[in-house]
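These notes concern the structure reproduced below.
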Amino acid sequence: MRWDHNGHYHRLVLRQIPRRPHRALDVGCGAGELASALGRRCAEVVAVDRSEAMTSVARRRVPGNVRVVTGDVMELDLPAESFDVVTCLAVLHHLTLEAALIRLRTAMRNGGVVVVLG
């Protein structure tokens with residue numbers, strides 16, 4: 001596997017995740033590496049990216065419990081309090097910060113974890 005900046009931090013990100021989370025949201029999933037790792041820890045993962053090229057790659061590499069969605073996280077239907085974990089690697093600078101944080105917090109269950117790498 002080739003080295004990349006975001007991938008270098010996956011272990012650190014995964015250490016922040018609580019034991020046995022049920023559902024995770026990976027925002028800006030890219031080619032699906034982190035979403036795949038989340039899929040090994042969570043019952044269900046929703047991985048989202050705006051790039052059709054990236055989600056096409058991700059769909060070929062993620063396990064069956066990871067659903068890859070092409071779209072803008074700010075426009076997707078994210079039910080309130082539906083995720084135990086939300087990850088955002090190198091994504092928030094592409095969004096309106098306050099609106100994005102409120103949206104992600106709303107989608108997260110009480111006691112959940114948001115992990116951001118800027």
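Within each chain, counting starts at residue 1; across the structure tokens, chains are named A, B, ... in the order shown, with ligands numbered 1 upward in that order.
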*Counting only C-alpha atoms, what is within 9 Å of Pro18 (chain A), bar same-chain residues fewer than 6 positions away, as JSON, numbers by chain?*
{"A": [84, 85, 112, 113]}
*All strand (DSSP E) positions in chain A, as a PyMOL selection string*: chain A and resi 23-27+44-49+66-70+83-89+108-117
Dump C-alpha atoms for the selected residues as a compact mmCIF listing (two decimals), in the first residue's frame?
```txt
# COMPACT_ATOMS: atom_id res chain seq x y z
CA ARG A 23 -22.97 2.76 13.21
CA ALA A 24 -20.36 5.11 11.74
CA LEU A 25 -20.33 7.93 9.20
CA ASP A 26 -17.11 8.56 7.26
CA VAL A 27 -17.30 12.01 5.63
CA GLU A 44 -22.68 -0.55 9.69
CA VAL A 45 -20.78 2.29 8.02
CA VAL A 46 -22.02 5.02 5.71
CA ALA A 47 -19.14 6.44 3.67
CA VAL A 48 -19.80 9.63 1.73
CA ASP A 49 -17.77 11.61 -0.80
CA VAL A 66 -20.12 -0.32 4.29
CA ARG A 67 -22.53 1.65 2.13
CA VAL A 68 -20.76 4.17 -0.11
CA VAL A 69 -22.76 7.24 -1.12
CA THR A 70 -21.84 9.86 -3.71
CA PHE A 83 -24.37 7.50 14.29
CA ASP A 84 -22.08 6.47 17.15
CA VAL A 85 -18.98 7.66 15.29
CA VAL A 86 -18.42 10.40 12.72
CA THR A 87 -15.02 10.75 11.04
CA CYS A 88 -13.86 13.67 8.90
CA LEU A 89 -10.33 13.50 7.50
CA MET A 108 -24.52 11.72 16.09
CA ARG A 109 -26.08 9.82 18.99
CA ASN A 110 -25.66 11.13 22.52
CA GLY A 111 -22.31 9.93 23.82
CA GLY A 112 -20.97 9.49 20.29
CA VAL A 113 -17.58 10.62 19.01
CA VAL A 114 -16.64 12.97 16.20
CA VAL A 115 -13.04 12.54 15.03
CA VAL A 116 -11.68 15.37 12.87
CA LEU A 117 -8.29 15.56 11.20
```
_Proximity to Ala43 (chain A) - best of A:Pro63, A:Gly71, A:Gly118, A:Pro79, only C-alpha atoms_ =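 Looking at the shortest contact to Ala43 (chain A), the residue is A:Pro63.
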*Choose the residue, out of A:Gly64, A:Arg59, A:Asp77, A:Gly30, that has the smallest atom-to-atom separation from Val91 (chain A); count only C-alpha atoms.*
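Closest candidate: A:Gly30.
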*Residue with smallest distance to Ile102 (chain A) - pool A:Thr55, A:Arg60, A:Met74, A:Ala37, counting only C-alpha atoms*: A:Met74
*Name all residues at most 10 Å from Thr106 (chain A) (count only C-alpha atoms; drop same-chain ones fewer than 5 positions away) and give them as a VMD selection string.*
chain A and resid 78 to 83 100 to 101
Just C-alpha atoms for this one: save the residues we selected as a JSON list (two decimals), in the first residue's frame.
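The new file selection-v1.json reads:
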```json
[["chain", "number", "residue", "atom", "x", "y", "z"],
["A", 78, "LEU", "CA", -28.90, 12.03, 7.77],
["A", 79, "PRO", "CA", -31.42, 11.06, 10.43],
["A", 80, "ALA", "CA", -30.87, 12.73, 13.79],
["A", 81, "GLU", "CA", -28.98, 10.72, 16.40],
["A", 82, "SER", "CA", -28.17, 7.86, 14.03],
["A", 83, "PHE", "CA", -24.37, 7.50, 14.29],
["A", 100, "ALA", "CA", -21.03, 21.36, 9.16],
["A", 101, "LEU", "CA", -20.30, 20.83, 12.86]]
```
_Given only C-alpha atoms as the counted atoms, nearest of A:Ala31, A:Met54, A:Cys42, A:Leu76 to Leu104 (chain A)_ =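 The shortest atom-to-atom distance to Leu104 (chain A) comes from A:Leu76.
Taking CA of Arg50 (chain A) as the reference point, CA of Val73 (chain A) is found at 8.1 Å.
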_Here is a test: counting only C-alpha atoms, which residue of A:Val62, A:Ala90, A:Ala107, A:Ala99 is nearest to Leu38 (chain A)?_
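Using only C-alpha atoms, the shortest distance to Leu38 (chain A) belongs to A:Val62.
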